Amino acid sequence: MDAERMDDYLKTLSLHKIREIYKDESEKAAKTKLSYQDFLLKLLEQQILTKVERSINRKMQIAGFPKIKRLEEFDFSFQPQINEKLIRELASLEFINQAKNIILLGPPGVGKTHLAIAIGIKAAEGRKRVLFYTAERLTEELASSEIAGNLNAKLESLARLDLLIIDELGYLSLSKQTAKLFFQLVTKRYERGSIIITSNKPFEEWGEIFNDDVVASAIIDRLLHHSYPFFINGKSFRLKFMNKSD
Ligand code: ADP
Ligand code: MG
């Protein structure tokens, strides 16, 4: 066999995985009397696996998760209020195909960010386009795009994502102007793409977050319309080791 030509062809076709493994694999195939078809299939499978893995890694990097938190690490027995079955169903990503939202409300430490990231990771693994934002960074970016005169392009690019995660809405209140930008974003994604949003504030207090009751209820309306809301009232996992006697 002309190894040099083989090498050239595989490079030209960017079949790098096959280039790396075909010699070993063909020796194995000869020993195990693998058919030509099965041998070819095996090489292609390895090449495809590498491609999928790369695409997932890229999606994970782009998503910008602040930490890696997996669903497998979530202790549902600690937070029995959370409907485990529903969370697991959501992890199958059907909600993304239906452009539905997930709303996680509750006090600090109950696992809102953990669940948001965990579902986000499932989405990235399902090769969806995901971005993780804190509400603070998202609103900062919206405000600076507006100043720079490219708000529409920014909104469009956020609207094209399969899943937008907005964490920690409510720790800071927004100016009326920023609240309007947030409203525009939610409107753009409405019935078009999923949002996962977490907040430590119940809906009744969203008027304070947005400095405007009308805008707040318009935002809540759109977010809730096709959504899975979770109202978590459990204990803080962060304090788990302090309240052993409770
Ligand atoms: P929140 O966003 O609601 O304030 P986090 O999701 O940040 O809370 O949770 C706080 C910490 O506790 C994180 O390190 C998270 O991984 C962990 N944690 C919270 N709930 C659970 C749980 N039920 N099982 C395992 N770890 C949890
Ligand atoms: Mg959090």
# chains A, B, ... in the order shown; residues from 1 in each chain; ligands from 1
>>> residues_around(residues="Lys100 (chain A)", least_positions_apart="6", cutoff="12 Å", atoms="only C-alpha atoms", output="PyMOL selection string")
chain A and resi 90+93-94+162-164+189-197+222-229
>>> select_by_dssp(residues="region 79-232 of chain A", states="strand (DSSP E)", output="VMD selection string")
chain A and resid 101 to 105 130 to 134 163 to 169 194 to 199 227 to 231
>>> closest_atom_pairs(of="chain A", to="ligand 1", cutoff="8 Å", atoms="only C-alpha atoms and all ligand atoms", output="Markdown table")
| residue | atom | partner | partner_atom_place_in_ligand_line | distance |
| --- | --- | --- | --- | --- |
| A:Lys69 | CA | ligand 1 | 16 (O) | 6.1 |
| A:Glu73 | CA | ligand 1 | 25 (C) | 5.7 |
| A:Phe74 | CA | ligand 1 | 24 (N) | 3.7 |
| A:Asp75 | CA | ligand 1 | 24 (N) | 3.6 |
| A:Phe76 | CA | ligand 1 | 23 (N) | 5.2 |
| A:Ser77 | CA | ligand 1 | 23 (N) | 7.1 |
| A:Phe78 | CA | ligand 1 | 23 (N) | 5.1 |
| A:Gln79 | CA | ligand 1 | 23 (N) | 5.4 |
| A:Gly106 | CA | ligand 1 | 3 (O) | 6.6 |
| A:Pro107 | CA | ligand 1 | 3 (O) | 6.2 |
| A:Pro108 | CA | ligand 1 | 4 (O) | 3.6 |
| A:Gly109 | CA | ligand 1 | 8 (O) | 3.5 |
| A:Val110 | CA | ligand 1 | 3 (O) | 4.0 |
| A:Gly111 | CA | ligand 1 | 6 (O) | 3.1 |
| A:Lys112 | CA | ligand 1 | 3 (O) | 3.7 |
| A:Thr113 | CA | ligand 1 | 2 (O) | 3.7 |
| A:His114 | CA | ligand 1 | 6 (O) | 3.6 |
| A:Leu115 | CA | ligand 1 | 6 (O) | 6.4 |
| A:Ala116 | CA | ligand 1 | 6 (O) | 7.9 |
| A:Asp167 | CA | ligand 1 | 2 (O) | 7.8 |
| A:Glu168 | CA | ligand 1 | 2 (O) | 7.3 |
| A:Thr198 | CA | ligand 1 | 2 (O) | 7.4 |
| A:Asn200 | CA | ligand 1 | 3 (O) | 7.5 |
| A:Ser236 | CA | ligand 1 | 19 (C) | 6.9 |
| A:Phe237 | CA | ligand 1 | 19 (C) | 4.6 |
| A:Arg238 | CA | ligand 1 | 12 (O) | 5.1 |
>>> write_last_selection(atoms="N, CA and C atoms", output="JSON list (two decimals), in the first residue's frame")
[["chain", "number", "residue", "atom", "x", "y", "z"],
["A", 69, "LYS", "N", -21.69, 21.63, 36.66],
["A", 69, "LYS", "CA", -22.61, 21.02, 37.62],
["A", 69, "LYS", "C", -23.49, 20.06, 36.85],
["A", 73, "GLU", "N", -25.08, 14.72, 39.72],
["A", 73, "GLU", "CA", -24.56, 15.10, 41.05],
["A", 73, "GLU", "C", -25.64, 15.73, 41.92],
["A", 74, "PHE", "N", -26.82, 15.92, 41.37],
["A", 74, "PHE", "CA", -27.86, 16.61, 42.12],
["A", 74, "PHE", "C", -28.59, 15.62, 43.02],
["A", 75, "ASP", "N", -28.64, 15.96, 44.31],
["A", 75, "ASP", "CA", -29.27, 15.07, 45.28],
["A", 75, "ASP", "C", -30.74, 15.48, 45.45],
["A", 76, "PHE", "N", -31.60, 14.78, 44.73],
["A", 76, "PHE", "CA", -33.03, 15.13, 44.77],
["A", 76, "PHE", "C", -33.64, 14.82, 46.15],
["A", 77, "SER", "N", -33.06, 13.88, 46.88],
["A", 77, "SER", "CA", -33.62, 13.54, 48.19],
["A", 77, "SER", "C", -33.44, 14.70, 49.17],
["A", 78, "PHE", "N", -32.44, 15.54, 48.90],
["A", 78, "PHE", "CA", -32.23, 16.70, 49.78],
["A", 78, "PHE", "C", -33.28, 17.79, 49.51],
["A", 79, "GLN", "N", -33.82, 17.80, 48.30],
["A", 79, "GLN", "CA", -34.78, 18.86, 47.92],
["A", 79, "GLN", "C", -36.05, 18.20, 47.37],
["A", 106, "GLY", "N", -36.65, 30.61, 44.06],
["A", 106, "GLY", "CA", -36.44, 30.12, 45.42],
["A", 106, "GLY", "C", -35.29, 30.84, 46.08],
["A", 107, "PRO", "N", -35.17, 30.66, 47.39],
["A", 107, "PRO", "CA", -34.11, 31.35, 48.14],
["A", 107, "PRO", "C", -32.72, 30.82, 47.78],
["A", 108, "PRO", "N", -31.67, 31.48, 48.25],
["A", 108, "PRO", "CA", -30.30, 31.06, 47.93],
["A", 108, "PRO", "C", -29.99, 29.64, 48.41],
["A", 109, "GLY", "N", -29.22, 28.95, 47.61],
["A", 109, "GLY", "CA", -28.68, 27.66, 48.03],
["A", 109, "GLY", "C", -29.54, 26.44, 47.78],
["A", 110, "VAL", "N", -30.71, 26.63, 47.14],
["A", 110, "VAL", "CA", -31.59, 25.47, 46.94],
["A", 110, "VAL", "C", -31.30, 24.70, 45.65],
["A", 111, "GLY", "N", -30.31, 25.17, 44.88],
["A", 111, "GLY", "CA", -29.89, 24.41, 43.71],
["A", 111, "GLY", "C", -30.37, 24.95, 42.38],
["A", 112, "LYS", "N", -30.80, 26.20, 42.35],
["A", 112, "LYS", "CA", -31.32, 26.78, 41.10],
["A", 112, "LYS", "C", -30.22, 26.85, 40.03],
["A", 113, "THR", "N", -29.08, 27.40, 40.41],
["A", 113, "THR", "CA", -27.99, 27.53, 39.43],
["A", 113, "THR", "C", -27.49, 26.14, 39.02],
["A", 114, "HIS", "N", -27.40, 25.25, 40.00],
["A", 114, "HIS", "CA", -26.96, 23.88, 39.71],
["A", 114, "HIS", "C", -27.85, 23.26, 38.63],
["A", 115, "LEU", "N", -29.16, 23.35, 38.82],
["A", 115, "LEU", "CA", -30.09, 22.73, 37.86],
["A", 115, "LEU", "C", -30.02, 23.43, 36.50],
["A", 116, "ALA", "N", -29.90, 24.76, 36.53],
["A", 116, "ALA", "CA", -29.83, 25.51, 35.27],
["A", 116, "ALA", "C", -28.61, 25.07, 34.46],
["A", 167, "ASP", "N", -29.18, 33.64, 34.83],
["A", 167, "ASP", "CA", -29.08, 33.25, 36.24],
["A", 167, "ASP", "C", -29.11, 34.48, 37.13],
["A", 168, "GLU", "N", -29.71, 34.32, 38.29],
["A", 168, "GLU", "CA", -29.66, 35.34, 39.35],
["A", 168, "GLU", "C", -30.37, 36.63, 39.00],
["A", 198, "THR", "N", -33.38, 31.90, 36.55],
["A", 198, "THR", "CA", -33.42, 31.65, 37.99],
["A", 198, "THR", "C", -33.54, 32.97, 38.73],
["A", 200, "ASN", "N", -34.13, 34.64, 42.96],
["A", 200, "ASN", "CA", -34.39, 34.49, 44.39],
["A", 200, "ASN", "C", -35.65, 35.23, 44.82],
["A", 236, "SER", "N", -31.23, 25.40, 52.33],
["A", 236, "SER", "CA", -30.04, 25.70, 51.54],
["A", 236, "SER", "C", -29.06, 24.53, 51.63],
["A", 237, "PHE", "N", -28.61, 24.09, 50.46],
["A", 237, "PHE", "CA", -27.61, 23.01, 50.42],
["A", 237, "PHE", "C", -26.29, 23.50, 51.00],
["A", 238, "ARG", "N", -26.05, 24.80, 50.86],
["A", 238, "ARG", "CA", -24.79, 25.36, 51.38],
["A", 238, "ARG", "C", -24.72, 25.21, 52.90]]
>>> residues_around(residues="region 205-211 of chain A", least_positions_apart="6", cutoff="12 Å", atoms="only C-alpha atoms", output="ChimeraX atom specification")
/A:105,135-136,139,168-183,199,217-221
>>> residues_around(residues="Pro66 (chain A)", least_positions_apart="2", cutoff="10 Å", atoms="only C-alpha atoms", output="list in words")
Ala63, Gly64, Ile68, Lys69, Thr113, Ile117, Phe132, Tyr133 and Thr134 of chain A
>>> atom_distance(atom1="CA of Leu158 (chain A)", atom2="CA of Glu204 (chain A)")
26.9 Å
>>> atom_distance(atom1="CA of Tyr36 (chain A)", atom2="CA of Glu53 (chain A)")
26.0 Å
>>> closest_residue(among="A:Arg129, A:Arg58, A:Lys240, A:Lys154", to="Glu141 (chain A)", atoms="only C-alpha atoms")
A:Lys154
>>> select_by_dssp(residues="region 21-125 of chain A", states="alpha helix (DSSP H)", output="PyMOL selection string")
chain A and resi 21-32+36-63+84-90+94-97+112-125
>>> closest_residue(among="A:Leu13, A:Asn97, A:Lys67, A:Leu43", to="Ser26 (chain A)", atoms="only C-alpha atoms")
A:Leu43
>>> closest_residue(among="A:Thr32, A:Val214, A:Phe231, A:Ala159", to="Val186 (chain A)", atoms="only C-alpha atoms")
A:Ala159
>>> residues_around(residues="Gln47 (chain A)", least_positions_apart="6", cutoff="12 Å", atoms="only C-alpha atoms", output="list in words")
Leu10, Leu13, Ser14, Leu15, His16, Lys17, Ile18, Arg19, Glu20, Ile21, Tyr22, Leu40, Leu41, Glu53 and Arg54 of chain A
>>> atom_distance(atom1="CA of Asn57 (chain A)", atom2="CA of Phe230 (chain A)")
29.3 Å
>>> decode(residues="region 11-57 of chain A", atoms="C-alpha atoms", output="tab-separated table (two decimals), in the first residue's frame")
chain	number	residue	atom	x	y	z
A	11	LYS	CA	-5.43	14.80	5.32
A	12	THR	CA	-7.12	16.34	2.31
A	13	LEU	CA	-10.45	14.96	3.49
A	14	SER	CA	-9.69	15.97	7.12
A	15	LEU	CA	-10.26	12.40	8.24
A	16	HIS	CA	-7.70	12.81	10.99
A	17	LYS	CA	-9.07	10.16	13.28
A	18	ILE	CA	-9.03	7.55	10.53
A	19	ARG	CA	-5.52	8.63	9.63
A	20	GLU	CA	-4.49	8.03	13.22
A	21	ILE	CA	-6.07	4.60	13.63
A	22	TYR	CA	-6.36	2.89	10.25
A	23	LYS	CA	-3.06	1.01	10.44
A	24	ASP	CA	-3.78	-0.55	13.83
A	25	GLU	CA	-7.37	-1.17	12.90
A	26	SER	CA	-6.49	-2.89	9.63
A	27	GLU	CA	-4.08	-5.19	11.47
A	28	LYS	CA	-6.80	-6.02	13.97
A	29	ALA	CA	-9.30	-6.52	11.18
A	30	ALA	CA	-6.96	-8.96	9.43
A	31	LYS	CA	-6.52	-10.95	12.65
A	32	THR	CA	-10.21	-11.05	13.50
A	33	LYS	CA	-11.25	-11.53	9.87
A	34	LEU	CA	-13.50	-8.51	9.99
A	35	SER	CA	-15.35	-7.98	6.72
A	36	TYR	CA	-14.36	-5.04	4.49
A	37	GLN	CA	-17.71	-3.44	5.17
A	38	ASP	CA	-17.45	-3.78	8.94
A	39	PHE	CA	-13.91	-2.46	8.84
A	40	LEU	CA	-14.98	0.61	6.89
A	41	LEU	CA	-17.93	1.08	9.22
A	42	LYS	CA	-15.65	0.94	12.26
A	43	LEU	CA	-13.32	3.59	10.87
A	44	LEU	CA	-16.21	5.88	9.98
A	45	GLU	CA	-17.76	5.44	13.41
A	46	GLN	CA	-14.54	6.49	15.11
A	47	GLN	CA	-14.26	9.51	12.85
A	48	ILE	CA	-17.83	10.53	13.60
A	49	LEU	CA	-17.40	10.06	17.36
A	50	THR	CA	-14.44	12.44	17.26
A	51	LYS	CA	-16.48	14.96	15.34
A	52	VAL	CA	-19.39	14.80	17.78
A	53	GLU	CA	-17.04	15.08	20.75
A	54	ARG	CA	-15.38	18.16	19.26
A	55	SER	CA	-18.69	19.77	18.52
A	56	ILE	CA	-19.85	19.16	22.10
A	57	ASN	CA	-16.62	20.57	23.53
